[in-house]
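Peer 1: Sharing data25.txt, compact mmCIF, C-alpha atoms:
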# COMPACT_ATOMS: atom_id res chain seq x y z
CA MET A 24 83.42 -14.89 47.91
CA ALA A 25 79.86 -14.45 49.12
CA ILE A 26 76.68 -14.97 47.19
CA GLU A 27 73.40 -13.89 48.72
CA VAL A 28 70.69 -16.55 48.52
CA ARG A 29 67.06 -15.56 49.14
CA ILE A 30 65.01 -18.36 50.64
CA PRO A 31 61.21 -18.68 50.26
CA THR A 32 58.97 -19.20 53.30
CA ILE A 33 58.54 -22.95 52.91
CA LEU A 34 62.27 -23.61 52.80
CA ARG A 35 63.11 -21.54 55.87
CA THR A 36 62.80 -24.65 58.04
CA TYR A 37 66.25 -25.51 56.61
CA THR A 38 67.73 -22.12 57.49
CA ASP A 39 66.42 -21.68 61.05
CA GLY A 40 63.90 -19.20 59.74
CA ALA A 41 66.38 -17.01 57.85
CA LYS A 42 65.02 -15.47 54.63
CA GLN A 43 68.51 -14.89 53.33
CA VAL A 44 71.72 -16.91 53.69
CA GLU A 45 75.17 -16.69 52.15
CA GLY A 46 77.15 -19.24 50.20
CA THR A 47 80.14 -19.72 47.92
CA GLY A 48 80.82 -21.51 44.68
CA SER A 49 81.58 -20.75 41.07
CA THR A 50 78.50 -22.51 39.69
CA LEU A 51 74.96 -22.86 41.01
CA ASP A 52 75.65 -26.56 41.58
CA GLU A 53 78.67 -25.75 43.78
CA LEU A 54 76.71 -23.07 45.61
CA ILE A 55 73.91 -25.53 46.45
CA THR A 56 76.46 -28.09 47.63
CA ASP A 57 77.99 -25.40 49.84
CA LEU A 58 74.59 -24.44 51.31
CA GLU A 59 73.88 -28.10 52.03
CA GLN A 60 76.87 -28.16 54.45
CA ARG A 61 75.11 -25.69 56.75
CA HIS A 62 71.49 -26.33 55.80
CA GLY A 63 71.15 -30.09 55.47
CA GLY A 64 68.22 -31.24 53.35
CA LEU A 65 68.04 -28.06 51.28
CA ARG A 66 69.71 -29.59 48.22
CA ASP A 67 67.10 -32.31 47.93
CA ARG A 68 64.35 -29.66 47.76
CA LEU A 69 66.08 -27.96 44.84
CA VAL A 70 67.67 -30.77 42.83
CA ASP A 71 66.63 -34.21 41.66
CA ASP A 72 68.14 -36.79 39.25
CA GLY A 73 67.35 -34.61 36.28
CA GLY A 74 68.89 -31.40 37.63
CA LEU A 75 66.97 -28.48 39.11
CA ARG A 76 63.52 -29.57 40.21
CA ARG A 77 60.80 -28.74 37.74
CA PHE A 78 58.51 -26.75 39.99
CA VAL A 79 61.20 -24.74 41.76
CA ASN A 80 62.28 -21.48 40.12
CA VAL A 81 65.86 -20.35 40.71
CA TYR A 82 66.98 -16.93 39.54
CA LEU A 83 70.47 -15.51 39.17
CA ASN A 84 69.92 -11.81 39.82
CA ASP A 85 66.76 -11.26 37.72
CA GLU A 86 66.99 -14.20 35.34
CA ASP A 87 65.50 -17.68 35.57
CA VAL A 88 68.53 -20.01 35.41
CA ARG A 89 66.59 -22.36 33.09
CA PHE A 90 67.36 -19.77 30.41
CA LEU A 91 71.01 -19.59 31.43
CA ALA A 92 72.90 -22.81 32.13
CA GLY A 93 70.76 -24.48 34.78
CA LEU A 94 72.88 -25.99 37.52
CA GLN A 95 76.04 -25.09 35.57
CA THR A 96 75.19 -21.39 35.60
CA GLN A 97 78.24 -19.48 36.75
CA VAL A 98 77.86 -17.40 39.89
CA LYS A 99 80.19 -14.93 41.57
CA ASP A 100 80.68 -12.73 44.59
CA GLY A 101 78.00 -10.08 44.81
CA ASP A 102 75.39 -12.09 42.88
CA THR A 103 71.96 -12.74 44.33
CA VAL A 104 70.31 -16.11 43.83
CA THR A 105 66.57 -16.21 44.55
CA VAL A 106 64.55 -19.40 45.04
CA LEU A 107 60.78 -19.32 44.51
CA PRO A 108 58.58 -22.42 44.45
CA ALA A 109 56.53 -22.39 41.26
CA VAL A 110 52.90 -21.51 41.75
CA ALA A 111 50.95 -24.13 39.83
CA GLY A 112 48.11 -26.58 39.99
CA GLY A 113 45.10 -27.68 38.04
CA ALA A 114 41.89 -29.56 37.83
CA ARG A 115 43.49 -32.88 38.59
CA MET B 2 38.23 -17.23 57.42
CA LEU B 3 38.78 -15.17 54.30
CA THR B 4 37.54 -11.59 54.48
CA ILE B 5 37.52 -9.92 51.08
CA SER B 6 35.90 -6.85 49.57
CA ARG B 7 33.08 -7.23 47.06
CA GLN B 8 35.24 -5.43 44.50
CA LEU B 9 38.15 -7.90 44.82
CA HIS B 10 35.80 -10.90 44.89
CA ASP B 11 34.16 -9.71 41.68
CA ARG B 12 37.50 -9.09 39.99
CA ILE B 13 38.52 -12.71 40.63
CA VAL B 14 35.21 -13.94 39.20
CA ALA B 15 35.49 -11.64 36.17
CA HIS B 16 39.03 -12.86 35.46
CA ALA B 17 37.94 -16.50 35.66
CA ARG B 18 34.99 -15.85 33.34
CA ALA B 19 37.15 -13.93 30.86
CA ASP B 20 39.74 -16.74 30.58
CA HIS B 21 37.24 -19.62 30.50
CA PRO B 22 37.77 -22.31 29.22
CA ASP B 23 41.41 -21.87 30.22
CA GLU B 24 42.20 -21.76 33.93
CA ALA B 25 42.74 -18.23 35.22
CA CYS B 26 45.18 -17.48 38.04
CA GLY B 27 46.46 -14.63 40.15
CA VAL B 28 47.41 -13.15 43.47
CA ILE B 29 45.98 -10.58 45.83
CA ALA B 30 48.76 -8.94 47.80
CA GLY B 31 48.31 -7.35 51.19
CA PRO B 32 50.51 -5.80 53.88
CA ALA B 33 52.76 -8.48 55.40
CA GLY B 34 51.13 -10.02 58.47
CA SER B 35 47.81 -8.19 57.97
CA ASP B 36 45.84 -11.06 56.38
CA ARG B 37 44.06 -8.32 54.42
CA PRO B 38 43.71 -8.74 50.65
CA ALA B 39 44.37 -5.33 49.14
CA ARG B 40 46.07 -5.31 45.73
CA PHE B 41 44.74 -7.42 42.85
CA ILE B 42 47.34 -8.91 40.50
CA ALA B 43 46.04 -11.05 37.62
CA MET B 44 48.80 -13.39 36.47
CA MET B 45 49.35 -14.98 33.10
CA ASN B 46 48.70 -18.73 32.99
CA ALA B 47 51.89 -19.88 31.25
CA GLU B 48 50.26 -23.26 30.56
CA ARG B 49 47.20 -21.69 28.88
CA SER B 50 45.35 -24.88 29.61
CA PRO B 51 41.81 -25.83 30.59
CA THR B 52 43.18 -28.21 33.20
CA PHE B 53 46.46 -26.76 34.46
CA TYR B 54 47.91 -23.42 35.49
CA ARG B 55 51.39 -22.18 36.25
CA PHE B 56 52.64 -18.65 36.90
CA ASP B 57 55.17 -17.55 34.30
CA SER B 58 58.51 -17.68 36.15
CA ALA B 59 59.73 -14.22 35.08
CA GLU B 60 56.41 -12.60 35.96
CA GLN B 61 56.37 -14.41 39.31
CA TYR B 62 59.85 -13.09 40.05
CA ARG B 63 58.82 -9.48 39.31
CA VAL B 64 55.63 -9.73 41.37
CA TRP B 65 57.31 -11.42 44.34
CA ARG B 66 60.16 -8.86 44.35
CA GLU B 67 57.66 -6.04 44.17
CA MET B 68 55.68 -7.46 47.11
CA ASP B 69 58.91 -7.84 49.08
CA ASP B 70 59.91 -4.23 48.31
CA ASN B 71 56.43 -3.06 49.39
CA ASP B 72 56.50 -5.16 52.56
CA GLU B 73 53.55 -7.13 51.19
CA GLU B 74 52.89 -10.84 50.94
CA PRO B 75 50.52 -12.97 48.85
CA VAL B 76 47.32 -13.04 50.94
CA VAL B 77 45.20 -14.76 48.30
CA ILE B 78 46.37 -17.08 45.54
CA TYR B 79 43.47 -17.82 43.24
CA HIS B 80 42.81 -19.98 40.23
CA SER B 81 39.81 -21.38 38.42
CA HIS B 82 38.63 -24.83 37.50
CA THR B 83 36.69 -24.77 34.27
CA ALA B 84 34.94 -28.14 34.27
CA THR B 85 35.29 -29.42 37.80
CA GLU B 86 34.31 -28.24 41.26
CA ALA B 87 35.96 -25.38 43.13
CA TYR B 88 37.96 -27.70 45.37
CA PRO B 89 41.76 -28.17 45.49
CA SER B 90 42.93 -31.07 43.33
CA ARG B 91 45.83 -33.38 44.10
CA THR B 92 48.17 -31.14 42.09
CA ASP B 93 46.83 -27.99 43.76
CA ILE B 94 47.69 -29.52 47.12
CA SER B 95 51.10 -30.82 46.13
CA TYR B 96 52.25 -27.51 44.67
CA ALA B 97 50.84 -25.21 47.36
CA SER B 98 53.89 -23.41 48.69
CA GLU B 99 52.68 -20.30 50.56
CA PRO B 100 51.37 -21.59 53.89
CA GLN B 101 50.02 -18.20 54.98
CA ALA B 102 47.94 -17.69 51.82
CA HIS B 103 44.23 -18.24 51.33
CA TYR B 104 43.84 -20.48 48.30
CA VAL B 105 40.73 -19.33 46.45
CA LEU B 106 39.20 -21.73 43.96
CA VAL B 107 36.61 -20.57 41.50
CA SER B 108 34.66 -22.86 39.19
CA THR B 109 33.29 -21.67 35.86
CA ARG B 110 31.81 -25.03 34.90
CA ASP B 111 28.30 -23.61 35.09
CA ASP B 112 27.36 -20.64 32.87
CA ASP B 113 24.82 -19.26 35.32
CA HIS B 114 26.75 -19.44 38.54
CA THR B 115 30.40 -19.12 39.60
CA GLU B 116 31.43 -21.14 42.64
CA PHE B 117 33.84 -19.24 44.93
CA ARG B 118 35.45 -21.09 47.83
CA SER B 119 38.53 -20.57 49.97
CA PHE B 120 40.97 -23.01 51.56
CA ARG B 121 44.09 -23.16 53.66
CA ILE B 122 46.66 -25.64 52.35
CA ALA B 123 49.65 -26.46 54.53
CA ASP B 124 51.76 -29.60 54.92
CA GLY B 125 49.61 -31.38 52.36
CA GLU B 126 46.39 -30.76 54.31
CA VAL B 127 43.37 -28.87 52.98
CA THR B 128 40.97 -27.03 55.26
CA GLU B 129 38.02 -25.18 53.79
CA GLU B 130 37.26 -21.84 55.40
CA PRO B 131 34.27 -19.50 55.34
CA VAL B 132 34.36 -16.46 53.07
CA THR B 133 33.03 -13.07 54.20
CA VAL B 134 32.45 -10.62 51.38
CA LEU B 135 32.45 -6.99 52.55
CA GLU B 136 29.99 -4.83 50.64
Could I get this file's structure written as C-alpha cells?
Peer 2:
Amino acid sequence: MAIEVRIPTILRTYTDGAKQVEGTGSTLDELITDLEQRHGGLRDRLVDDGGLRRFVNVYLNDEDVRFLAGLQTQVKDGDTVTVLPAVAGGAR
Amino acid sequence: MLTISRQLHDRIVAHARADHPDEACGVIAGPAGSDRPARFIAMMNAERSPTFYRFDSAEQYRVWREMDDNDEEPVVIYHSHTATEAYPSRTDISYASEPQAHYVLVSTRDDDHTEFRSFRIADGEVTEEPVTVLE
C-alpha cells in the first residue's frame, strides 16, 4: 500500500531533498508515524499535543484534512497527501 | 535584490490600498529558479484582520498546485501592514516558510505615501534588500 506524500521546500531537509516520498498507513496519523521511521524529525514538524499543527496545512487529495477527520482521516493506496506550511503573519 | 516591473509593483500597492484597513496579501509567481516575478496572484486574507493575515488553505492549495504544474514558484510573497511600518514582525518571521521568496511588506499607515520594502527571511533571520523597479 503506497501513499504519495508531497513535501514542501522547508521540510525537504528531512527527506534528503526529495519533494515526494511514499508511506503506508490506514489513517493520516499512521502514515505520519510510518514516515517518521525513515525521515526522523518530520512528525514533530506536523503534529503537536493538540493534533495537527495549526499553521501547517495537510491535504488528502484536494481537501484540507481539517474538514475531514484531522489526524484520523482515513488514507489508502493511491491517495496523495500534500503538506503546505500556512502562509501567514501580521503586524505583530 | 528584488527586481520587479512597475506594473507589478503598482498592483501590489493598489491591492494594499483597496483592502486597507485590513491587511492585504498575495503572491507573484515566476518560472522556477528564475527569480523573476511574472504572474500576479492576489490572495484572500482568510483572517480579514487589520493586524493579521493568512492565506485561505483551499485557495493556497489550488495556487500552489497550479504553480507546480506550470513549473513556477512563489517569487514574491507580499502583505501589508495597515498601522505599522513595512518591516517583518515577529509573526511574519516565525511563519515565513518559502526561503527562496522575496517577502514584500507594504505599509498603508500613511494616506499620502505607501511604503514598499523587500526582505529575505530564512532560518528566522531577516535581511532587507534593495528594490529595483523596472519602468
Peer 1: Go ahead and compute the interatomic distance for atom CA of B:Val14 and atom CA of B:Tyr79, in Å to one decimal.
Peer 2: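 Between atom CA of B:Val14 and atom CA of B:Tyr79 the gap is 10.0 Å.
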Peer 1: Do you have, as CSV, the list of residues of chain A lying at most 6 Å from chain B, each with its nearest atom pair and that distance in Å to one decimal, counting all atoms listed in the file and ordered by chain then number?
Peer 2:
residue,atom,partner,partner_atom,distance
A:Val110,CA,B:Phe56,CA,5.6
A:Ala111,CA,B:Arg55,CA,4.1
A:Gly112,CA,B:Asp93,CA,4.2
A:Gly113,CA,B:Phe53,CA,3.9
A:Ala114,CA,B:Thr52,CA,5.0
A:Arg115,CA,B:Ser90,CA,5.1
Peer 1: Please dump the current selection as a PDB file, keeping the file's coordinate frame; keep C-alpha atoms.
Peer 2:
ATOM      1  CA  VAL A 110      52.900 -21.510  41.750  1.00  0.00           C
ATOM      2  CA  ALA A 111      50.950 -24.130  39.830  1.00  0.00           C
ATOM      3  CA  GLY A 112      48.110 -26.580  39.990  1.00  0.00           C
ATOM      4  CA  GLY A 113      45.100 -27.680  38.040  1.00  0.00           C
ATOM      5  CA  ALA A 114      41.890 -29.560  37.830  1.00  0.00           C
ATOM      6  CA  ARG A 115      43.490 -32.880  38.590  1.00  0.00           C
TER       7      ARG A 115
END
Peer 1: Just to confirm, what's the straight-line distance from atom CA of B:Glu73 to atom CA of B:Ala15 in Å (one decimal)?
Peer 2: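 Between these atoms lies a distance of 23.9 Å.
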Peer 1: In Å, how far is it from atom CA of B:Pro38 to atom CA of B:Leu9?
Peer 2: 8.1 Å
Peer 1: With a distance cut-off of 8 Å and only C-alpha atoms, select the neighbouring residues of stretch 65-70 of chain A, excluding the residue or stretch itself and same-chain residues fewer than 2 positions from it, and output the selection as a PyMOL selection string.
Peer 2: chain A and resi 34+37+55-56+58-59+62-63+72-76+79
Peer 1: Those residues with C-alpha atoms, as a PDB file, keeping the file's coordinate frame please?
Peer 2:
ATOM      1  CA  LEU A  34      62.270 -23.610  52.800  1.00  0.00           C
ATOM      2  CA  TYR A  37      66.250 -25.510  56.610  1.00  0.00           C
ATOM      3  CA  ILE A  55      73.910 -25.530  46.450  1.00  0.00           C
ATOM      4  CA  THR A  56      76.460 -28.090  47.630  1.00  0.00           C
ATOM      5  CA  LEU A  58      74.590 -24.440  51.310  1.00  0.00           C
ATOM      6  CA  GLU A  59      73.880 -28.100  52.030  1.00  0.00           C
ATOM      7  CA  HIS A  62      71.490 -26.330  55.800  1.00  0.00           C
ATOM      8  CA  GLY A  63      71.150 -30.090  55.470  1.00  0.00           C
ATOM      9  CA  ASP A  72      68.140 -36.790  39.250  1.00  0.00           C
ATOM     10  CA  GLY A  73      67.350 -34.610  36.280  1.00  0.00           C
ATOM     11  CA  GLY A  74      68.890 -31.400  37.630  1.00  0.00           C
ATOM     12  CA  LEU A  75      66.970 -28.480  39.110  1.00  0.00           C
ATOM     13  CA  ARG A  76      63.520 -29.570  40.210  1.00  0.00           C
ATOM     14  CA  VAL A  79      61.200 -24.740  41.760  1.00  0.00           C
TER      15      VAL A  79
END
